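Shown below: data-v7.cif, with mmCIF, C-alpha atoms and all ligand atoms.
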data_start
loop_
_atom_site.label_atom_id
_atom_site.label_comp_id
_atom_site.auth_asym_id
_atom_site.auth_seq_id
_atom_site.Cartn_x
_atom_site.Cartn_y
_atom_site.Cartn_z
CA MET A 14 -55.27 2.88 -5.78
CA SER A 15 -57.85 3.74 -3.15
CA PHE A 16 -59.15 5.97 -0.38
CA ASP A 17 -58.62 5.09 3.23
CA ILE A 18 -60.38 7.76 5.23
CA ASP A 19 -61.68 8.18 8.74
CA VAL A 20 -62.29 11.85 9.52
CA GLY A 21 -64.68 14.09 11.32
CA ARG A 22 -65.17 17.56 12.70
CA GLN A 23 -67.76 20.00 13.89
CA VAL A 24 -69.12 22.13 11.01
CA GLY A 25 -71.51 24.83 12.19
CA ASP A 26 -74.07 23.08 14.39
CA ILE A 27 -73.43 19.52 13.26
CA VAL A 28 -70.74 16.87 13.52
CA VAL A 29 -69.66 15.58 10.11
CA GLN A 30 -67.90 12.23 9.96
CA CYS A 31 -66.94 9.79 7.27
CA HIS A 32 -65.26 6.40 7.12
CA ILE A 33 -64.14 4.79 3.85
CA GLU A 34 -62.01 1.68 3.78
CA ALA A 35 -60.30 0.36 0.64
CA GLY A 36 -62.26 2.76 -1.55
CA ASP A 37 -60.99 1.97 -5.04
CA GLY A 38 -62.90 2.90 -8.20
CA LEU A 39 -65.76 5.33 -7.60
CA THR A 40 -67.04 5.95 -4.09
CA VAL A 41 -70.27 7.91 -3.79
CA LEU A 42 -70.93 10.13 -0.77
CA PHE A 43 -74.67 10.06 -0.51
CA GLY A 44 -77.06 11.99 1.72
CA PRO A 45 -79.56 14.84 1.87
CA SER A 46 -78.65 18.49 1.61
CA GLY A 47 -76.71 19.94 4.51
CA VAL A 48 -75.40 16.73 6.13
CA GLY A 49 -71.78 17.51 5.32
CA LYS A 50 -70.88 15.88 1.98
CA THR A 51 -68.99 18.90 0.64
CA SER A 52 -67.27 19.28 4.01
CA VAL A 53 -65.92 15.72 3.65
CA LEU A 54 -64.57 16.51 0.15
CA ASN A 55 -62.96 19.66 1.53
CA MET A 56 -61.30 17.67 4.32
CA VAL A 57 -59.90 15.21 1.78
CA ALA A 58 -58.71 18.07 -0.46
CA GLY A 59 -57.05 19.83 2.48
CA LEU A 60 -59.33 22.88 2.29
CA LEU A 61 -60.94 22.14 5.66
CA GLU A 62 -58.91 20.74 8.52
CA PRO A 63 -60.47 17.69 10.19
CA GLY A 64 -60.90 17.67 13.96
CA TRP A 65 -59.71 14.08 14.19
CA GLY A 66 -58.81 11.02 12.14
CA TYR A 67 -56.72 10.41 9.06
CA VAL A 68 -56.80 10.67 5.26
CA ARG A 69 -54.77 8.26 3.15
CA VAL A 70 -55.00 8.13 -0.65
CA ASN A 71 -53.20 5.50 -2.71
CA ASP A 72 -51.31 4.50 0.45
CA GLU A 73 -49.96 8.03 0.92
CA LEU A 74 -50.76 9.71 4.24
CA LEU A 75 -52.22 13.20 3.65
CA TYR A 76 -53.57 13.98 7.11
CA GLU A 77 -53.31 12.48 10.56
CA ALA A 78 -54.48 14.14 13.75
CA SER A 79 -51.96 14.08 16.54
CA ASP A 80 -52.90 12.56 19.90
CA ASP A 81 -50.32 14.74 21.64
CA PRO A 82 -51.28 18.41 22.09
CA TRP A 83 -47.57 19.32 21.80
CA ILE A 84 -47.15 17.63 18.43
CA PRO A 85 -48.87 19.27 15.45
CA ASP A 86 -51.15 17.26 13.18
CA PHE A 87 -49.57 15.75 10.06
CA ASN A 88 -51.15 17.84 7.31
CA VAL A 89 -50.02 17.87 3.66
CA PRO A 90 -50.92 21.27 2.13
CA THR A 91 -53.69 21.33 -0.45
CA GLU A 92 -51.42 22.11 -3.42
CA ARG A 93 -49.24 19.08 -2.67
CA ARG A 94 -52.15 16.64 -2.35
CA ARG A 95 -52.73 16.60 -6.11
CA ALA A 96 -56.52 16.43 -5.97
CA GLY A 97 -58.49 17.02 -9.17
CA TYR A 98 -61.40 18.87 -7.56
CA VAL A 99 -64.51 19.61 -9.66
CA PHE A 100 -66.58 21.99 -7.53
CA GLN A 101 -70.37 22.13 -7.52
CA GLU A 102 -70.20 25.25 -9.71
CA PRO A 103 -67.67 24.83 -12.57
CA ARG A 104 -65.67 27.91 -11.41
CA LEU A 105 -63.99 28.48 -14.78
CA PHE A 106 -61.80 31.57 -15.13
CA PRO A 107 -64.11 34.02 -16.94
CA HIS A 108 -61.21 35.95 -18.53
CA LYS A 109 -59.63 32.85 -20.10
CA ARG A 110 -60.89 30.94 -23.12
CA VAL A 111 -61.65 27.23 -22.77
CA ARG A 112 -58.19 26.23 -24.01
CA ALA A 113 -56.45 28.39 -21.38
CA ASN A 114 -58.82 27.15 -18.69
CA LEU A 115 -57.96 23.57 -19.60
CA LEU A 116 -54.23 24.16 -19.60
CA TYR A 117 -54.16 26.15 -16.33
CA GLY A 118 -52.41 23.74 -13.98
CA TRP A 119 -51.34 21.35 -16.75
CA ARG A 120 -48.17 19.58 -15.75
CA ALA A 121 -46.39 19.03 -19.05
CA GLY A 122 -44.52 15.77 -19.36
CA GLU A 123 -45.55 14.58 -15.90
CA GLY A 124 -48.88 13.03 -16.40
CA ALA A 125 -50.42 9.87 -17.62
CA VAL A 126 -53.12 12.11 -19.08
CA ASP A 127 -52.50 13.49 -22.54
CA VAL A 128 -54.01 16.85 -23.59
CA ASP A 129 -55.40 15.67 -26.95
CA GLU A 130 -56.69 12.47 -25.41
CA THR A 131 -58.50 14.42 -22.68
CA ILE A 132 -59.99 16.84 -25.20
CA GLY A 133 -61.20 13.83 -27.20
CA LEU A 134 -62.51 11.95 -24.18
CA LEU A 135 -64.53 14.97 -23.06
CA GLY A 136 -65.63 16.09 -26.52
CA LEU A 137 -64.07 19.54 -26.11
CA ALA A 138 -62.41 20.03 -29.51
CA GLY A 139 -65.13 22.35 -30.78
CA LEU A 140 -65.11 24.50 -27.64
CA LEU A 141 -61.45 25.44 -27.27
CA ASP A 142 -61.76 29.04 -28.50
CA ARG A 143 -65.00 29.80 -26.65
CA TRP A 144 -65.33 32.04 -23.58
CA PRO A 145 -66.82 30.41 -20.45
CA ARG A 146 -69.85 32.75 -20.51
CA THR A 147 -70.90 31.26 -23.89
CA LEU A 148 -70.94 27.64 -22.64
CA SER A 149 -74.00 25.67 -21.59
CA GLY A 150 -74.05 24.15 -18.10
CA GLY A 151 -73.05 20.73 -19.43
CA GLU A 152 -70.23 22.12 -21.57
CA ALA A 153 -68.85 24.15 -18.66
CA ARG A 154 -68.99 21.04 -16.45
CA ARG A 155 -67.03 19.06 -19.08
CA VAL A 156 -64.38 21.80 -19.23
CA ALA A 157 -64.12 21.81 -15.42
CA ILE A 158 -63.64 18.02 -15.44
CA GLY A 159 -61.00 18.36 -18.21
CA ARG A 160 -59.12 21.03 -16.26
CA ALA A 161 -59.09 18.78 -13.20
CA LEU A 162 -57.82 15.80 -15.22
CA LEU A 163 -55.05 17.79 -16.91
CA SER A 164 -53.59 18.88 -13.58
CA ASN A 165 -52.40 15.28 -13.40
CA PRO A 166 -54.25 14.47 -10.19
CA ARG A 167 -53.69 11.43 -8.00
CA PHE A 168 -57.41 11.31 -7.26
CA LEU A 169 -60.65 13.02 -8.28
CA LEU A 170 -63.22 14.80 -6.12
CA LEU A 171 -66.52 15.48 -7.90
CA ASP A 172 -69.10 17.59 -6.05
CA GLU A 173 -72.59 17.09 -7.50
CA PRO A 174 -71.27 16.92 -11.09
CA LEU A 175 -74.80 16.34 -12.43
CA SER A 176 -76.73 19.00 -10.56
CA SER A 177 -78.68 21.64 -12.48
CA LEU A 178 -78.32 19.84 -15.82
CA ASP A 179 -81.21 18.79 -18.03
CA ARG A 180 -81.86 15.13 -18.68
CA ALA A 181 -79.82 14.89 -21.89
CA ARG A 182 -76.79 16.64 -20.38
CA ARG A 183 -77.01 14.51 -17.24
CA GLU A 184 -76.94 11.38 -19.38
CA GLU A 185 -73.93 12.74 -21.25
CA ILE A 186 -71.93 13.57 -18.10
CA MET A 187 -72.94 10.26 -16.46
CA GLY A 188 -71.56 8.36 -19.45
CA LEU A 189 -68.38 10.39 -19.15
CA ILE A 190 -67.99 9.66 -15.43
CA GLU A 191 -68.49 5.96 -16.19
CA ARG A 192 -65.64 6.16 -18.70
CA LEU A 193 -63.40 7.96 -16.20
CA ARG A 194 -64.26 5.31 -13.61
CA ASP A 195 -63.54 2.41 -15.95
CA GLU A 196 -60.66 3.73 -18.11
CA LEU A 197 -58.56 5.85 -15.75
CA ARG A 198 -57.19 4.14 -12.70
CA LEU A 199 -57.81 7.11 -10.41
CA PRO A 200 -59.84 6.74 -7.25
CA ILE A 201 -62.90 9.00 -7.44
CA LEU A 202 -64.94 10.43 -4.58
CA MET A 203 -68.24 11.81 -5.83
CA VAL A 204 -70.99 13.64 -3.95
CA THR A 205 -74.64 13.28 -4.83
CA HIS A 206 -78.02 13.32 -3.13
CA ASP A 207 -79.62 11.52 -6.09
CA ARG A 208 -80.30 7.84 -5.42
CA ALA A 209 -80.36 6.74 -9.09
CA GLU A 210 -77.02 8.45 -9.83
CA ALA A 211 -75.46 6.90 -6.73
CA GLU A 212 -76.62 3.41 -7.62
CA ARG A 213 -75.59 3.65 -11.27
CA LEU A 214 -72.13 5.15 -10.80
CA GLY A 215 -70.83 3.98 -7.43
CA ASN A 216 -68.66 0.97 -6.79
CA ARG A 217 -69.76 1.65 -3.23
CA ILE A 218 -72.01 4.14 -1.51
CA VAL A 219 -71.13 5.81 1.76
CA GLU A 220 -74.01 7.49 3.50
CA ILE A 221 -73.22 10.73 5.26
CA GLY A 222 -75.40 11.90 8.13
CA GLY A 223 -76.03 10.32 11.50
CA SER A 224 -73.92 7.23 11.77
CA CYS A 225 -71.92 6.75 8.61
CA SER A 226 -72.31 3.38 6.95
CA CYS A 227 -70.83 1.84 3.85
CA PHE A 228 -72.75 -0.15 1.23
CA ARG A 229 -70.90 -2.34 -1.22
CA ARG A 230 -72.23 -2.46 -4.79
CA SER A 231 -73.85 -5.83 -4.09
CA THR A 232 -75.83 -4.40 -1.17
CA ILE A 233 -76.72 -1.02 -2.61
CA SER A 234 -80.38 -2.04 -2.68
CA ARG A 235 -80.30 -1.73 1.10
CA LEU A 236 -80.37 2.06 0.82
CA PRO A 237 -83.32 3.40 2.83
CA PRO A 238 -86.50 4.17 0.86
CA ALA A 239 -86.97 7.70 -0.43
CA ALA A 240 -88.96 9.99 1.87
CA PRO A 241 -92.62 10.34 0.80
CA PRO A 242 -93.56 13.72 -0.72
CA SER A 243 -94.77 16.13 1.94
CA PRO A 244 -98.52 16.81 1.81
CA GLY A 245 -99.63 20.00 0.13
N1 LIG B 1 -68.55 27.98 7.26
C1 LIG B 1 -69.61 27.44 7.84
N2 LIG B 1 -70.06 27.91 9.03
C2 LIG B 1 -71.12 27.35 9.65
N3 LIG B 1 -71.82 26.34 9.16
C3 LIG B 1 -71.42 25.83 7.99
C4 LIG B 1 -70.30 26.33 7.26
N4 LIG B 1 -70.15 25.63 6.12
C5 LIG B 1 -71.14 24.72 6.13
N5 LIG B 1 -71.89 24.84 7.23
C6 LIG B 1 -73.03 23.98 7.61
O1 LIG B 1 -72.49 22.68 7.75
C7 LIG B 1 -73.38 21.72 7.24
C8 LIG B 1 -72.68 20.87 6.17
O2 LIG B 1 -72.48 21.64 4.98
P1 LIG B 1 -72.03 20.94 3.61
O3 LIG B 1 -71.99 22.00 2.57
O4 LIG B 1 -70.82 20.15 3.88
O5 LIG B 1 -73.27 19.94 3.38
P2 LIG B 1 -73.70 19.17 2.06
O6 LIG B 1 -74.20 17.84 2.52
O7 LIG B 1 -72.59 19.16 1.07
O8 LIG B 1 -74.88 20.08 1.53
P3 LIG B 1 -75.44 20.30 0.01
O9 LIG B 1 -75.87 18.93 -0.46
O10 LIG B 1 -76.59 21.23 0.23
O11 LIG B 1 -74.32 20.89 -0.79
C9 LIG B 1 -74.59 22.46 6.72
O12 LIG B 1 -75.59 22.33 7.71
C10 LIG B 1 -74.11 23.89 6.55
O13 LIG B 1 -75.17 24.78 6.81
#
Go through the file and emit its structure as structure tokens.
Ligand SMILES: Nc1ncnc2c1ncn2[C@@H]1O[C@H](COP(=O)(O)OP(=O)(O)OP(=O)(O)O)[C@@H](O)[C@H]1O
Amino acid sequence: MSFDIDVGRQVGDIVVQCHIEAGDGLTVLFGPSGVGKTSVLNMVAGLLEPGWGYVRVNDELLYEASDDPWIPDFNVPTERRRAGYVFQEPRLFPHKRVRANLLYGWRAGEGAVDVDETIGLLGLAGLLDRWPRTLSGGEARRVAIGRALLSNPRFLLLDEPLSSLDRARREEIMGLIERLRDELRLPILMVTHDRAEAERLGNRIVEIGGSCSCFRRSTISRLPPAAPPSPG
């Protein structure tokens, strides 16, 4: 159960590329703002077509660029890739209560993930009748993660799942991601630009930006030092 990815493309003015080999467990995409982390997630989800390379998840080929201009690229459409994508903003449906948001995309009888179990795992029982506009940032994030899990995904894509949360909520969601990493056997690709999050949660860290390099958990301490604060 892993990611096997080697993709790249031009996005705006920059070239975004990423290489992940045998990425089981939780792989962190790490790098400063604007280097292309979300673009990589979108290429894996099928929302952005790569310019070259391949995407394989759990040994299933999802994308492969063709070398022959007469032969189209192999490209599984987004809805058939079965990604559980948690976007940077929770993007809940405002006109549906939490329960309906959670069950939107639920594949009854198909999944290894049970509705009650997911509600319990994410601590959502008390929120089911609430409207999205009444939720805190952390609660909305938990609902978005629950909705992704209940769509019975083959893999999870988490884009900055801890951004714009206060310290207590961050701790809560980090604990949750650790449980997902350790208890579900889904490969997870998670974006962050926070060094401490990356080191705590990742089984490996892939740096995006410039040449892309991969750090195994045992060598995570080799991440470059944080930039000094700018004067003034
Ligand atoms: N549709 C677009 N047209 C032109 N440029 C784009 C487009 N989408 C993104 N970009 C640029 O491509 C680069 C990569 O964007 P992306 O959102 O993937 O980066 P990121 O590392 O996820 O950033 P952040 O951490 O701020 O979310 C950025 O420099 C961005 O300005």
Please define a box with edges along x, y and z of the file around all atoms of ligand LIG 1 (chain B) given in the file, extend it by 3 Å on each side, and return its centre and edge lengths in Å to one decimal, as lines of an AutoDock Vina configuration file.
center_x = -72.6
center_y = 22.9
center_z = 4.4
size_x = 14.0
size_y = 16.1
size_z = 16.4
Residues at most 12 Å from ligand LIG 1 (chain B), using all atoms listed in the file? Could they come as a compact mmCIF listing (two decimals) with C-alpha atoms, in the frame of the given file?
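Generated output (result.txt):
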# COMPACT_ATOMS: atom_id res chain seq x y z
CA GLY A 21 -64.68 14.09 11.32
CA ARG A 22 -65.17 17.56 12.70
CA GLN A 23 -67.76 20.00 13.89
CA VAL A 24 -69.12 22.13 11.01
CA GLY A 25 -71.51 24.83 12.19
CA ASP A 26 -74.07 23.08 14.39
CA ILE A 27 -73.43 19.52 13.26
CA VAL A 28 -70.74 16.87 13.52
CA VAL A 29 -69.66 15.58 10.11
CA GLN A 30 -67.90 12.23 9.96
CA CYS A 31 -66.94 9.79 7.27
CA LEU A 42 -70.93 10.13 -0.77
CA PHE A 43 -74.67 10.06 -0.51
CA GLY A 44 -77.06 11.99 1.72
CA PRO A 45 -79.56 14.84 1.87
CA SER A 46 -78.65 18.49 1.61
CA GLY A 47 -76.71 19.94 4.51
CA VAL A 48 -75.40 16.73 6.13
CA GLY A 49 -71.78 17.51 5.32
CA LYS A 50 -70.88 15.88 1.98
CA THR A 51 -68.99 18.90 0.64
CA SER A 52 -67.27 19.28 4.01
CA VAL A 53 -65.92 15.72 3.65
CA LEU A 54 -64.57 16.51 0.15
CA ASN A 55 -62.96 19.66 1.53
CA MET A 56 -61.30 17.67 4.32
CA LEU A 60 -59.33 22.88 2.29
CA LEU A 61 -60.94 22.14 5.66
CA PHE A 100 -66.58 21.99 -7.53
CA GLN A 101 -70.37 22.13 -7.52
CA GLU A 102 -70.20 25.25 -9.71
CA LEU A 171 -66.52 15.48 -7.90
CA ASP A 172 -69.10 17.59 -6.05
CA GLU A 173 -72.59 17.09 -7.50
CA PRO A 174 -71.27 16.92 -11.09
CA SER A 176 -76.73 19.00 -10.56
CA MET A 203 -68.24 11.81 -5.83
CA VAL A 204 -70.99 13.64 -3.95
CA THR A 205 -74.64 13.28 -4.83
CA HIS A 206 -78.02 13.32 -3.13
CA ASP A 207 -79.62 11.52 -6.09
CA GLU A 220 -74.01 7.49 3.50
CA ILE A 221 -73.22 10.73 5.26
CA GLY A 222 -75.40 11.90 8.13
CA GLY A 223 -76.03 10.32 11.50
### Task
Between A:Val68, A:Asn165, A:Thr131, A:Arg95, single out the one closest to Arg192 (chain A), counting all atoms listed in the file.
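The shortest atom-to-atom distance to Arg192 (chain A) comes from A:Thr131.
The residue that comes closest to Gly59 (chain A), out of A:Leu175, A:Ala138, A:Leu170, A:Ala209 and on the basis of only C-alpha atoms, is A:Leu170.
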### Task
Report the distance between CA of Arg194 (chain A) and CA of Met14 (chain A) in Å, rounded to one decimal place.
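About the pair CA of Arg194 (chain A) and CA of Met14 (chain A): they are 12.2 Å apart.
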Taking a cut-off of 6 Å and counting all atoms listed in the file, can you build a table that, for each residue of region 127-227 of chain A near region 106-112 of chain A, reports the nearest atom pair and how far apart they are in Å (one decimal), sorted by chain then residue number, as a Markdown table?
| residue | atom | partner | partner_atom | distance |
| --- | --- | --- | --- | --- |
| A:Leu141 | CA | A:Arg112 | CA | 4.7 |
| A:Asp142 | CA | A:Arg110 | CA | 5.8 |
| A:Arg143 | CA | A:Arg110 | CA | 5.5 |
| A:Trp144 | CA | A:Arg110 | CA | 4.6 |
| A:Pro145 | CA | A:Pro107 | CA | 5.7 |
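With CA of Val126 (chain A) on one side and CA of Gly36 (chain A) on the other, the separation reads 21.9 Å.
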### Message
Please list as a PyMOL selection string every residue within 12 Å of Arg104 (chain A), counting only C-alpha atoms and excluding residues in the same chain fewer than 6 positions away.
### Response
chain A and resi 98+114+145-146+150+153-158+160-161
